[in-house]
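Okay, target.txt is below, compact mmCIF, C-alpha atoms:
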# COMPACT_ATOMS: atom_id res chain seq x y z
CA MET A 34 0.00 0.00 0.00
CA ASN A 35 3.05 2.23 0.23
CA VAL A 36 2.70 3.07 -3.43
CA LEU A 37 -0.47 4.96 -2.56
CA ALA A 38 1.04 6.92 0.34
CA ALA A 39 1.77 9.95 -1.84
CA CYS A 40 -1.83 10.37 -2.96
CA GLN A 41 -5.22 11.11 -1.43
CA PRO A 42 -7.79 8.54 -2.63
CA ARG A 43 -11.24 9.89 -3.39
CA THR A 44 -13.99 9.32 -0.87
CA ARG A 45 -17.30 7.75 -1.99
CA ASN A 46 -18.79 11.18 -2.07
CA GLU A 47 -15.95 12.55 -4.20
CA MET A 48 -16.22 9.59 -6.55
CA ALA A 49 -19.93 10.28 -6.98
CA ALA A 50 -19.19 13.96 -7.63
CA ARG A 51 -16.60 12.98 -10.24
CA VAL A 52 -19.15 10.81 -12.09
CA ALA A 53 -21.69 13.63 -11.97
CA ARG A 54 -19.25 15.97 -13.75
CA ASP A 55 -19.35 13.73 -16.83
CA ILE A 56 -23.14 13.51 -17.18
CA PRO A 57 -24.40 16.06 -19.69
CA GLU A 58 -27.77 17.76 -19.73
CA GLY A 59 -30.52 15.77 -21.39
CA TRP A 60 -29.34 12.28 -20.55
CA PHE A 61 -31.67 9.64 -19.17
CA VAL A 62 -29.81 7.88 -16.38
CA ASN A 63 -30.37 4.93 -14.06
CA LEU A 64 -28.34 4.91 -10.86
CA GLY A 65 -27.77 1.53 -9.25
CA ILE A 66 -28.59 0.81 -5.63
CA GLY A 67 -25.93 1.91 -3.14
CA ALA A 68 -23.08 4.32 -3.85
CA PRO A 69 -24.21 5.22 -7.41
CA LEU A 70 -27.39 6.80 -5.98
CA GLN A 71 -25.19 9.54 -4.49
CA VAL A 72 -24.35 10.76 -8.01
CA ALA A 73 -27.71 12.53 -8.17
CA ASP A 74 -26.75 14.73 -5.20
CA HIS A 75 -23.88 16.26 -7.18
CA LEU A 76 -25.71 17.39 -10.30
CA PRO A 77 -26.35 21.12 -10.36
CA ALA A 78 -30.08 21.86 -10.32
CA GLU A 79 -29.90 23.81 -13.58
CA ARG A 80 -28.54 20.80 -15.49
CA GLU A 81 -31.59 18.74 -16.48
CA VAL A 82 -30.80 15.05 -16.23
CA VAL A 83 -33.71 12.60 -16.00
CA PHE A 84 -33.33 9.77 -13.52
CA HIS A 85 -35.04 6.43 -13.99
CA SER A 86 -35.78 3.85 -11.32
CA GLU A 87 -36.54 0.24 -12.32
CA ASN A 88 -39.74 0.12 -10.30
CA GLY A 89 -41.44 2.38 -12.82
CA VAL A 90 -40.35 5.94 -12.06
CA LEU A 91 -38.96 8.29 -14.70
CA GLY A 92 -38.00 11.77 -13.55
CA MET A 93 -37.10 10.79 -10.01
CA GLY A 94 -36.12 13.58 -7.65
CA PRO A 95 -34.29 13.66 -4.31
CA ALA A 96 -35.50 12.33 -0.97
CA PRO A 97 -38.58 14.19 0.34
CA GLU A 98 -38.72 16.45 3.37
CA PRO A 99 -39.78 14.29 6.36
CA ASP A 100 -43.21 15.94 6.52
CA ARG A 101 -43.86 15.61 2.78
CA ILE A 102 -43.35 11.91 2.13
CA ASN A 103 -45.48 10.19 -0.51
CA ARG A 104 -45.63 6.69 0.93
CA TRP A 105 -46.41 5.22 -2.49
CA LEU A 106 -43.26 6.55 -4.09
CA ILE A 107 -40.01 4.65 -3.59
CA ASN A 108 -36.93 3.94 -5.68
CA ALA A 109 -35.43 0.56 -6.53
CA GLY A 110 -33.51 0.68 -3.25
CA LYS A 111 -36.85 1.02 -1.45
CA GLN A 112 -36.12 4.53 -0.20
CA TYR A 113 -38.68 7.32 -0.36
CA VAL A 114 -38.07 9.66 -3.28
CA THR A 115 -39.90 12.47 -5.07
CA LEU A 116 -41.05 13.00 -8.63
CA ARG A 117 -39.80 16.05 -10.50
CA SER A 118 -42.05 18.13 -12.73
CA GLY A 119 -42.30 16.24 -16.01
CA GLY A 120 -41.86 12.90 -14.29
CA SER A 121 -44.01 9.87 -15.02
CA TYR A 122 -44.89 6.40 -13.79
CA MET A 123 -45.01 3.16 -15.73
CA HIS A 124 -45.46 -0.52 -14.99
CA HIS A 125 -42.60 -2.96 -14.66
CA ALA A 126 -42.72 -4.39 -18.18
CA ASP A 127 -42.54 -0.89 -19.68
CA SER A 128 -39.86 0.12 -17.21
CA PHE A 129 -37.62 -2.75 -18.29
CA GLY A 130 -38.68 -2.30 -21.90
CA LEU A 131 -37.07 1.11 -21.86
CA ILE A 132 -33.97 -0.41 -20.26
CA ARG A 133 -33.58 -3.32 -22.69
CA GLY A 134 -34.68 -1.19 -25.61
CA GLY A 135 -31.57 0.96 -25.31
CA HIS A 136 -33.38 4.14 -24.30
CA LEU A 137 -31.23 4.89 -21.27
CA ASP A 138 -28.15 6.94 -22.09
CA LEU A 139 -26.36 5.70 -19.03
CA CYS A 140 -26.49 3.31 -16.14
CA VAL A 141 -24.08 3.76 -13.24
CA LEU A 142 -23.56 0.54 -11.31
CA GLY A 143 -21.48 -0.68 -8.40
CA ALA A 144 -19.36 -3.76 -9.04
CA PHE A 145 -17.23 -6.45 -7.44
CA GLN A 146 -15.02 -6.83 -10.50
CA VAL A 147 -14.63 -5.46 -14.02
CA ALA A 148 -12.50 -7.28 -16.59
CA GLU A 149 -10.32 -5.63 -19.21
CA ASN A 150 -12.78 -6.75 -21.90
CA GLY A 151 -15.65 -4.97 -20.13
CA ASP A 152 -17.17 -8.03 -18.47
CA LEU A 153 -19.09 -7.05 -15.34
CA ALA A 154 -19.49 -9.01 -12.09
CA ASN A 155 -21.75 -7.19 -9.65
CA TRP A 156 -24.50 -9.49 -8.41
CA SER A 157 -22.99 -12.44 -6.57
CA THR A 158 -19.66 -13.17 -4.95
CA SER A 159 -19.74 -16.94 -5.16
CA GLU A 160 -20.57 -19.61 -7.74
CA ASN A 161 -21.87 -21.64 -4.80
CA ASP A 162 -24.47 -19.07 -3.77
CA SER A 163 -27.60 -20.71 -5.10
CA ALA A 164 -30.03 -17.99 -4.03
CA PRO A 165 -28.39 -14.76 -5.09
CA ALA A 166 -30.50 -11.66 -5.63
CA VAL A 167 -30.10 -10.52 -9.21
CA GLY A 168 -32.83 -7.88 -9.25
CA GLY A 169 -32.53 -5.70 -12.34
CA ALA A 170 -28.73 -5.78 -12.59
CA MET A 171 -28.54 -8.04 -15.65
CA ASP A 172 -31.22 -6.10 -17.52
CA LEU A 173 -29.55 -2.76 -16.82
CA ALA A 174 -26.11 -4.05 -17.75
CA ALA A 175 -27.35 -5.60 -21.00
CA GLY A 176 -29.71 -2.80 -21.95
CA ALA A 177 -28.32 0.65 -21.17
CA ARG A 178 -26.41 2.39 -23.96
CA ARG A 179 -23.50 3.00 -21.61
CA VAL A 180 -22.56 1.24 -18.41
CA TRP A 181 -20.23 3.10 -16.07
CA VAL A 182 -19.00 1.50 -12.88
CA LEU A 183 -18.35 3.29 -9.60
CA MET A 184 -16.29 1.17 -7.22
CA ASP A 185 -13.20 1.13 -5.03
CA HIS A 186 -10.07 0.22 -6.94
CA GLN A 187 -9.28 -2.62 -4.53
CA THR A 188 -11.16 -4.87 -2.14
CA LYS A 189 -10.80 -4.27 1.58
CA SER A 190 -8.10 -6.95 1.64
CA GLY A 191 -6.18 -5.21 -1.12
CA GLU A 192 -7.10 -7.26 -4.19
CA SER A 193 -7.58 -5.47 -7.47
CA ARG A 194 -11.17 -5.14 -8.66
CA LEU A 195 -9.89 -4.41 -12.17
CA VAL A 196 -8.95 -7.82 -13.49
CA ARG A 197 -7.99 -9.68 -16.65
CA ARG A 198 -10.93 -12.05 -16.25
CA CYS A 199 -13.68 -11.91 -13.65
CA THR A 200 -13.61 -14.68 -11.07
CA TYR A 201 -17.00 -13.79 -9.61
CA PRO A 202 -20.22 -14.79 -11.43
CA LEU A 203 -20.82 -12.54 -14.44
CA THR A 204 -23.66 -10.06 -14.77
CA ALA A 205 -23.09 -9.28 -18.46
CA LEU A 206 -20.38 -9.67 -21.07
CA GLY A 207 -18.32 -6.76 -22.41
CA VAL A 208 -20.65 -3.97 -21.33
CA VAL A 209 -18.60 -1.66 -19.09
CA LYS A 210 -17.35 1.45 -20.86
CA ARG A 211 -15.85 3.47 -18.01
CA ILE A 212 -14.80 2.95 -14.40
CA TYR A 213 -14.59 5.57 -11.65
CA THR A 214 -12.53 4.35 -8.71
CA ASN A 215 -11.15 6.04 -5.62
CA LEU A 216 -7.82 6.28 -7.49
CA ALA A 217 -8.56 6.84 -11.15
CA VAL A 218 -10.96 7.18 -14.05
CA LEU A 219 -10.44 4.54 -16.71
CA ASP A 220 -12.00 3.65 -20.04
CA VAL A 221 -12.51 0.09 -21.21
CA THR A 222 -11.20 -0.01 -24.77
CA PRO A 223 -10.46 -2.77 -27.31
CA ASP A 224 -6.88 -2.50 -25.98
CA GLY A 225 -7.92 -2.95 -22.34
CA PHE A 226 -7.98 -0.44 -19.50
CA THR A 227 -6.96 3.09 -20.46
CA VAL A 228 -6.31 5.61 -17.70
CA ARG A 229 -8.04 8.95 -18.30
CA GLU A 230 -6.99 10.55 -15.03
CA MET A 231 -5.54 9.71 -11.64
CA VAL A 232 -5.88 11.39 -8.27
CA GLU A 233 -3.21 13.94 -7.49
CA GLY A 234 0.14 12.49 -6.46
CA LEU A 235 -0.46 9.09 -8.07
CA THR A 236 1.76 7.77 -10.86
CA LEU A 237 0.88 5.21 -13.52
CA ASP A 238 3.50 2.89 -12.05
CA ALA A 239 1.93 3.12 -8.62
CA LEU A 240 -1.56 2.57 -10.04
CA GLN A 241 -0.33 -0.42 -12.03
CA LYS A 242 1.06 -1.97 -8.84
CA VAL A 243 -2.44 -2.15 -7.35
CA THR A 244 -4.15 -3.23 -10.60
CA ASP A 245 -4.14 -6.82 -11.89
CA ALA A 246 -4.79 -6.01 -15.53
CA PRO A 247 -2.33 -4.00 -17.62
CA LEU A 248 -2.94 -0.25 -17.84
CA ARG A 249 -2.00 2.34 -20.40
CA MET A 250 -2.42 6.09 -20.44
CA LEU A 251 -4.96 7.75 -22.68
CA ASP A 252 -3.08 9.11 -25.70
CA MET B 7 -75.26 -5.64 -14.80
CA ILE B 8 -71.57 -6.37 -14.55
CA ASN B 9 -70.44 -6.15 -10.97
CA LYS B 10 -67.01 -7.47 -10.04
CA ILE B 11 -67.05 -5.98 -6.57
CA VAL B 12 -67.16 -8.78 -4.01
CA GLN B 13 -68.36 -8.23 -0.46
CA SER B 14 -66.20 -10.67 1.44
CA MET B 15 -62.74 -12.17 1.49
CA LYS B 16 -64.34 -15.60 1.15
CA GLN B 17 -65.89 -14.59 -2.16
CA ALA B 18 -62.63 -13.01 -3.25
CA MET B 19 -60.64 -16.17 -2.59
CA ALA B 20 -63.16 -18.67 -3.97
CA ASP B 21 -61.77 -21.31 -6.37
CA ILE B 22 -58.08 -20.88 -5.49
CA ARG B 23 -56.90 -24.46 -5.62
CA ASP B 24 -53.95 -26.38 -4.25
CA GLY B 25 -51.04 -26.33 -6.68
CA ALA B 26 -52.00 -22.97 -8.19
CA VAL B 27 -49.46 -20.58 -9.69
CA VAL B 28 -50.10 -17.32 -7.82
CA LEU B 29 -48.78 -13.97 -9.06
CA LEU B 30 -48.29 -11.40 -6.30
CA GLY B 31 -48.00 -7.75 -7.31
CA GLY B 32 -45.88 -5.21 -5.51
CA PHE B 33 -42.28 -4.14 -5.25
CA GLY B 34 -41.30 -4.74 -1.67
CA SER B 35 -44.31 -3.64 0.36
CA ILE B 36 -45.39 -0.91 -2.06
CA GLY B 37 -48.28 -1.97 -4.25
CA GLN B 38 -48.39 -5.32 -2.51
CA PRO B 39 -51.87 -6.83 -2.10
CA ASN B 40 -51.21 -7.35 1.61
CA VAL B 41 -54.79 -8.01 2.68
CA LEU B 42 -55.44 -10.45 -0.17
CA ILE B 43 -52.27 -12.34 0.83
CA ASP B 44 -53.73 -12.63 4.34
CA GLY B 45 -56.89 -13.92 2.68
CA LEU B 46 -54.89 -16.49 0.74
CA ILE B 47 -53.34 -17.66 4.01
CA GLU B 48 -56.82 -17.97 5.52
CA ASN B 49 -58.07 -19.76 2.41
CA GLY B 50 -55.63 -22.59 3.07
CA ALA B 51 -54.53 -23.42 -0.51
CA LYS B 52 -51.18 -25.21 -0.50
CA ASP B 53 -48.48 -26.52 -2.81
CA LEU B 54 -48.47 -23.10 -4.43
CA THR B 55 -45.97 -21.65 -6.87
CA VAL B 56 -45.58 -17.97 -6.04
CA VAL B 57 -44.31 -15.37 -8.50
CA SER B 58 -43.24 -12.21 -6.70
CA ASN B 59 -40.35 -9.78 -7.05
CA ASN B 60 -39.29 -10.42 -3.45
CA ALA B 61 -39.49 -13.42 -1.15
CA GLY B 62 -41.23 -11.71 1.76
CA VAL B 63 -39.88 -9.99 4.84
CA GLY B 64 -40.50 -10.41 8.56
CA ARG B 65 -43.09 -12.97 9.62
CA ALA B 66 -46.26 -11.64 7.98
CA GLY B 67 -47.78 -11.70 4.50
CA LEU B 68 -45.80 -13.72 1.98
CA ALA B 69 -43.29 -14.65 4.69
CA LEU B 70 -46.12 -16.18 6.74
CA LEU B 71 -47.47 -18.03 3.70
CA LEU B 72 -43.98 -19.50 3.30
CA GLU B 73 -43.62 -20.26 6.99
CA LEU B 74 -46.91 -22.19 6.97
CA GLY B 75 -45.46 -24.44 4.29
CA ARG B 76 -47.98 -23.50 1.61
CA VAL B 77 -45.42 -22.60 -1.03
CA ARG B 78 -43.67 -25.29 -3.06
CA LYS B 79 -41.70 -22.91 -5.27
CA ILE B 80 -40.98 -19.22 -5.50
CA ILE B 81 -40.06 -17.43 -8.71
CA CYS B 82 -38.52 -14.03 -8.04
CA SER B 83 -35.69 -11.64 -8.89
CA TYR B 84 -34.63 -10.62 -5.40
CA PRO B 85 -35.03 -13.46 -2.90
CA ARG B 86 -32.55 -12.09 -0.40
CA SER B 87 -33.06 -8.79 1.28
CA ALA B 88 -32.81 -7.52 4.81
CA GLY B 89 -35.51 -9.32 6.74
CA SER B 90 -36.16 -12.22 4.34
CA VAL B 91 -35.52 -14.57 7.26
CA VAL B 92 -38.31 -17.08 6.64
CA PHE B 93 -37.29 -17.63 3.04
CA GLU B 94 -33.66 -18.06 4.12
CA GLU B 95 -34.57 -20.71 6.70
CA LEU B 96 -36.82 -22.69 4.38
CA TYR B 97 -34.45 -22.46 1.45
CA ARG B 98 -31.50 -23.65 3.50
CA ALA B 99 -33.59 -26.55 4.78
CA GLY B 100 -34.56 -27.49 1.22
CA LYS B 101 -38.23 -26.84 1.94
CA VAL B 102 -38.88 -24.38 -0.87
CA ALA B 103 -37.69 -24.40 -4.47
CA LEU B 104 -36.37 -21.22 -6.03
CA GLU B 105 -36.14 -19.89 -9.56
CA VAL B 106 -34.14 -16.64 -9.76
CA VAL B 107 -35.18 -14.55 -12.76
CA PRO B 108 -33.77 -11.17 -13.78
CA GLN B 109 -36.37 -8.57 -12.91
CA GLY B 110 -36.93 -7.37 -16.47
CA THR B 111 -37.13 -10.92 -17.76
CA MET B 112 -39.73 -11.71 -15.11
CA ALA B 113 -41.81 -8.68 -16.08
CA GLU B 114 -41.58 -9.51 -19.77
CA ARG B 115 -42.41 -13.20 -19.23
CA LEU B 116 -45.57 -12.07 -17.42
CA ARG B 117 -46.37 -9.53 -20.12
CA ALA B 118 -45.87 -12.18 -22.79
CA ALA B 119 -48.24 -14.55 -20.99
CA GLY B 120 -50.95 -11.91 -20.98
CA ALA B 121 -50.35 -10.96 -24.60
CA GLY B 122 -50.38 -14.39 -26.22
CA ILE B 123 -46.62 -14.57 -26.83
CA PRO B 124 -45.33 -18.01 -25.78
CA ALA B 125 -41.64 -17.05 -25.68
CA PHE B 126 -39.24 -14.28 -26.68
CA PHE B 127 -35.54 -13.60 -27.11
CA THR B 128 -33.81 -11.23 -24.69
CA PRO B 129 -30.19 -10.05 -24.33
CA THR B 130 -30.48 -10.15 -20.53
CA GLY B 131 -28.46 -12.92 -18.90
CA VAL B 132 -26.39 -13.98 -21.91
CA GLY B 133 -23.07 -15.43 -20.75
CA THR B 134 -24.18 -15.69 -17.10
CA LYS B 135 -25.08 -18.66 -14.98
CA LEU B 136 -28.77 -17.78 -15.34
CA ALA B 137 -28.41 -18.76 -19.02
CA ALA B 138 -27.92 -22.42 -18.04
CA GLY B 139 -30.26 -24.71 -19.95
CA LYS B 140 -31.71 -21.93 -22.10
CA GLU B 141 -31.65 -21.81 -25.87
CA GLN B 142 -29.31 -19.13 -27.18
CA ARG B 143 -29.52 -17.61 -30.62
CA GLU B 144 -27.55 -14.96 -32.46
CA ILE B 145 -29.73 -12.42 -34.23
CA ALA B 146 -28.13 -9.62 -36.27
CA GLY B 147 -24.79 -10.17 -34.56
CA ARG B 148 -25.98 -10.19 -30.96
CA LYS B 149 -26.66 -13.12 -28.67
CA TYR B 150 -30.04 -13.65 -27.02
CA LEU B 151 -31.68 -16.13 -24.67
CA LEU B 152 -35.06 -17.71 -25.27
CA GLU B 153 -37.37 -17.05 -22.33
CA GLU B 154 -40.83 -18.55 -21.98
CA ALA B 155 -44.01 -16.78 -20.95
CA LEU B 156 -44.96 -17.03 -17.29
CA ALA B 157 -48.70 -17.40 -16.75
CA GLY B 158 -50.55 -17.56 -13.46
CA ASP B 159 -53.67 -19.33 -12.34
CA VAL B 160 -54.36 -16.44 -9.99
CA ALA B 161 -53.04 -12.88 -9.74
CA LEU B 162 -53.43 -10.82 -6.59
CA VAL B 163 -52.96 -7.11 -7.23
CA GLU B 164 -53.31 -3.85 -5.34
CA ALA B 165 -54.88 -0.73 -6.81
CA TRP B 166 -55.70 2.78 -5.68
CA GLU B 167 -59.13 3.10 -7.30
CA ALA B 168 -61.46 0.63 -8.92
CA ASP B 169 -64.98 0.55 -10.36
CA ARG B 170 -67.51 -2.28 -10.71
CA TRP B 171 -66.20 -3.23 -14.15
CA GLY B 172 -62.79 -3.86 -12.61
CA ASN B 173 -61.05 -0.87 -14.16
CA LEU B 174 -58.01 0.00 -12.05
CA ILE B 175 -55.90 3.07 -11.39
CA TYR B 176 -52.67 2.80 -9.41
CA ARG B 177 -50.82 5.26 -7.24
CA SER B 178 -47.26 6.43 -7.93
CA SER B 179 -44.70 3.63 -7.86
CA ALA B 180 -47.28 1.19 -6.43
CA ARG B 181 -48.14 0.41 -10.06
CA ASN B 182 -44.99 -1.73 -10.59
CA PHE B 183 -45.82 -5.38 -11.35
CA ASN B 184 -49.58 -5.05 -10.78
CA PRO B 185 -50.77 -4.19 -14.33
CA VAL B 186 -48.65 -6.90 -15.99
CA MET B 187 -49.65 -9.55 -13.48
CA ALA B 188 -53.32 -8.60 -13.90
CA THR B 189 -53.06 -9.56 -17.58
CA ALA B 190 -51.19 -12.82 -16.99
CA ALA B 191 -53.56 -14.89 -14.84
CA LYS B 192 -56.78 -16.81 -15.45
CA LEU B 193 -58.26 -15.27 -12.31
CA THR B 194 -57.26 -11.75 -11.30
CA ILE B 195 -58.32 -10.43 -7.92
CA ALA B 196 -57.71 -6.81 -6.98
CA GLN B 197 -57.80 -5.09 -3.62
CA ALA B 198 -58.58 -1.39 -3.99
CA GLN B 199 -58.34 1.48 -1.56
CA HIS B 200 -61.29 3.26 -3.16
CA ILE B 201 -64.31 2.00 -5.05
CA VAL B 202 -65.83 4.63 -7.30
CA ASP B 203 -68.93 4.79 -9.51
CA LEU B 204 -68.73 3.48 -13.05
CA GLY B 205 -67.71 6.43 -15.22
CA ALA B 206 -65.89 8.24 -12.42
CA LEU B 207 -62.45 6.99 -13.44
CA ASP B 208 -60.79 9.08 -16.13
CA PRO B 209 -60.52 6.71 -19.13
CA GLU B 210 -57.22 8.38 -20.04
CA LYS B 211 -55.78 7.24 -16.71
CA ILE B 212 -57.08 3.69 -16.39
CA ALA B 213 -53.92 1.56 -16.30
CA THR B 214 -55.67 -1.82 -16.11
CA PRO B 215 -58.88 -2.06 -18.14
CA GLY B 216 -61.53 -4.18 -16.45
CA ILE B 217 -61.27 -6.95 -19.05
CA TYR B 218 -58.29 -8.25 -17.07
CA VAL B 219 -59.92 -8.16 -13.67
CA ASP B 220 -62.36 -10.72 -12.25
CA ARG B 221 -62.95 -9.60 -8.68
CA VAL B 222 -62.44 -6.43 -6.68
CA LEU B 223 -62.40 -6.24 -2.90
CA HIS B 224 -62.63 -2.86 -1.17
CA VAL B 225 -59.65 -2.64 1.21
CA PRO B 226 -59.14 0.90 2.52
CA TYR B 227 -56.10 0.04 4.58
CA GLY B 228 -54.39 3.40 4.39
CA GLU B 229 -50.75 4.03 3.68
CA PRO B 230 -48.13 1.32 3.28
CA THR B 231 -44.90 1.24 5.20
CA VAL B 232 -41.65 0.26 3.59
CA THR B 233 -40.44 -3.14 4.73
Translate the structure of the given file into structure tokens.
Amino acid sequence: MNVLAACQPRTRNEMAARVARDIPEGWFVNLGIGAPLQVADHLPAEREVVFHSENGVLGMGPAPEPDRINRWLINAGKQYVTLRSGGSYMHHADSFGLIRGGHLDLCVLGAFQVAENGDLANWSTSENDSAPAVGGAMDLAAGARRVWVLMDHQTKSGESRLVRRCTYPLTALGVVKRIYTNLAVLDVTPDGFTVREMVEGLTLDALQKVTDAPLRMLD
Amino acid sequence: MINKIVQSMKQAMADIRDGAVVLLGGFGSIGQPNVLIDGLIENGAKDLTVVSNNAGVGRAGLALLLELGRVRKIICSYPRSAGSVVFEELYRAGKVALEVVPQGTMAERLRAAGAGIPAFFTPTGVGTKLAAGKEQREIAGRKYLLEEALAGDVALVEAWEADRWGNLIYRSSARNFNPVMATAAKLTIAQAQHIVDLGALDPEKIATPGIYVDRVLHVPYGEPTVT
């Protein structure tokens, strides 16, 4: 871990803010359960981005004030949310129709591992788990026009989450386009992982030391 | 005169047989036909196959139906969540079968059943362990899995407003699986918070036309809590 001593890794909140910077006005976006949901908090109010939730909400807004909760309105993470002006509701088949149909510009997901060919593993940590909860992860990964992943660069025990081949059960093949970690922003290209930027004080050599798959800098 | 409003739970639950495939609307506890599930428990039907996004939480509702040993198999996308203790116990003990289905595939299989489509190809799940045993085909350069329609004998759904023809309007995100499940079963039973006169529902807003609904029970239970 000494190789990282010279740099300040991004916090979850900073990672979410970094993703938000790259989302342009007009995109339709699904944010996965967990850390990706924080991305919405970092979009300036004047930039109109439309958030979708799998349970049939398009135009989702932030959490309500405690005294103004609509108890019939939750997101896919089962938290109370609001509906922005222009928002709409739909049933589950339509909600996943718009996902599979390629109508979402972007889905931001958490992950356990991403492989250098864009394979995604984010729903189960063991082949032996016979009752894993898949939810909408496979539909989102297969259907959104772009899949970006927000995750820590390494596991808590220091293993790289960016790998040559996923060892955890796959969610979808070759779908991840970009990864935002606490250390770097990387693209998945036909040539493997390409580093777009690193946190201040980090070198490519140091980043490579904590990454299983080979890295190259964006030209 | 067509009148699908029933006056009692007994009437609502009539003809639900052992071995039935039962579709349960709702996403978590929102839009869940909680009172009809209690009625199903009371009704006593067993050896059921339940199709539901979640596998129940706590010890009530679907979790109680499981705990009483009435469910042979559950088909869902998200069996494990905080509080799905009964499912966990039964599953570990081998007392309930499980089919995990991606959420969008589950919704589309239900939709297909209601729309006369026996099977369809979907990109979801290709290359994953959920593709095991499924036919795969490449169409225009992309791989797809063949998924079969999922029909129910009975659907239990929850609505905000209903009329005597069985037209239904839902509230906010409580719509979720309810409209698709209503189309996919031979017998669709709705619980509704409000019963209104025929003609009072705005035709532009009816999400489930009454053709799909067989019985409506007035259940003004108030607001749901997230579980």
Task: Within 9 Å of chain B: residues of chain A, using only C-alpha atoms, as JSON, numbers by chain - done: {"A": [87, 88, 89, 90, 103, 104, 105, 106, 107, 108, 109, 111, 112, 113, 121, 122, 123, 124, 125, 126, 127, 128, 129, 130, 132, 133, 160, 163, 164, 165, 166, 167, 168, 169, 170, 171, 172, 173, 174, 175, 176, 202, 203, 204, 205, 206]}
TODO: Name the residues within 9 Å of (-31.7, -21.3, -28.2), counting all atoms listed in the file in the file's coordinates, and put them as an MDAnalysis selection string.
DONE: chainID B and resid 127 140:144 150:152
- [ ] Calculate how many Å separate CA of Asp238 in chain A from CA of Asp185 in chain A, rounding to one decimal.
- [x]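 So the two atoms, CA of Asp238 in chain A and CA of Asp185 in chain A, lie 18.2 Å apart.
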Task: Interatomic distance (Å, one decimal) between CA of Gly45 in chain B and CA of Thr189 in chain B - done: 21.1 Å
Task: Coordinates-based distance that separates CA of Tyr227 in chain B from CA of Leu46 in chain B (Å, one decimal) - done: 17.0 Å
Open item on the list: Need the shell around Leu42 in chain B: protein/DNA/RNA residues with any atom at most 8 Å away, counting all atoms listed in the file. Skip same-chain ones fewer than 2 positions apart. Format as a ChimeraX atom specification?
Closed with: /B:15,39-40,44-46,162,197
Open item on the list: Neighbouring residues of Glu47 in chain A were defined as those with any atom within 12 Å, considering all atoms listed in the file; residues of the same chain fewer than 5 positions away were excluded. Please report them as a ChimeraX atom specification.
Closed with: /A:41-42,52-54,68-69,71-72,74-75,183-185,213-217,232
- [ ] Write out as a list in words which residues come within 10 Å of Lys16 in chain B when counting all atoms listed in the file, dropping same-chain ones fewer than 2 positions away.
- [x] Val12, Gln13, Ser14, Ala18, Met19, Ala20, Asp21, Gly45, Leu46, Glu48 and Asn49 of chain B
Emit the selected residues as a short mmCIF file (atom, residue, chain, number, x, y, z; two decimals), in the frame of the given file, including C-alpha atoms.
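Wrote it out as result37.cif, contents follow:
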data_model
loop_
_atom_site.label_atom_id
_atom_site.label_comp_id
_atom_site.auth_asym_id
_atom_site.auth_seq_id
_atom_site.Cartn_x
_atom_site.Cartn_y
_atom_site.Cartn_z
CA VAL B 12 -67.16 -8.78 -4.01
CA GLN B 13 -68.36 -8.23 -0.46
CA SER B 14 -66.20 -10.67 1.44
CA ALA B 18 -62.63 -13.01 -3.25
CA MET B 19 -60.64 -16.17 -2.59
CA ALA B 20 -63.16 -18.67 -3.97
CA ASP B 21 -61.77 -21.31 -6.37
CA GLY B 45 -56.89 -13.92 2.68
CA LEU B 46 -54.89 -16.49 0.74
CA GLU B 48 -56.82 -17.97 5.52
CA ASN B 49 -58.07 -19.76 2.41
#
- [ ] Using all atoms listed in the file, find all polymer residues with an atom at most 12 Å away from the point (-9.1, 3.9, -13.0); report them as a count of residues only.
- [x] 51
Open item on the list: When you look at His200 in chain B with a cut-off of 9 Å (counting all atoms listed in the file), what residues show up, excluding the ones that are within fewer than 6 positions of it in the same chain? I need them as a ChimeraX atom specification.
Closed with: /B:165-169,224-226
Open item on the list: List the spatial neighbours of Glu98 in chain A as a list in words - criterion: any atom at most 12 Å away, all atoms listed in the file, same-chain residues fewer than 3 positions off excluded.
Closed with: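 Counting all atoms listed in the file, the residues come to Gly94, Pro95, Arg101, Ile102, Asn103, Tyr113, Val114 and Thr115 of chain A.
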Write a file of the selected residues as a PDB file, in the frame of the given file, keeping C-alpha atoms.
ATOM      1  CA  GLY A  94     -36.120  13.580  -7.650  1.00  0.00           C
ATOM      2  CA  PRO A  95     -34.290  13.660  -4.310  1.00  0.00           C
ATOM      3  CA  ARG A 101     -43.860  15.610   2.780  1.00  0.00           C
ATOM      4  CA  ILE A 102     -43.350  11.910   2.130  1.00  0.00           C
ATOM      5  CA  ASN A 103     -45.480  10.190  -0.510  1.00  0.00           C
ATOM      6  CA  TYR A 113     -38.680   7.320  -0.360  1.00  0.00           C
ATOM      7  CA  VAL A 114     -38.070   9.660  -3.280  1.00  0.00           C
ATOM      8  CA  THR A 115     -39.900  12.470  -5.070  1.00  0.00           C
TER       9      THR A 115
END
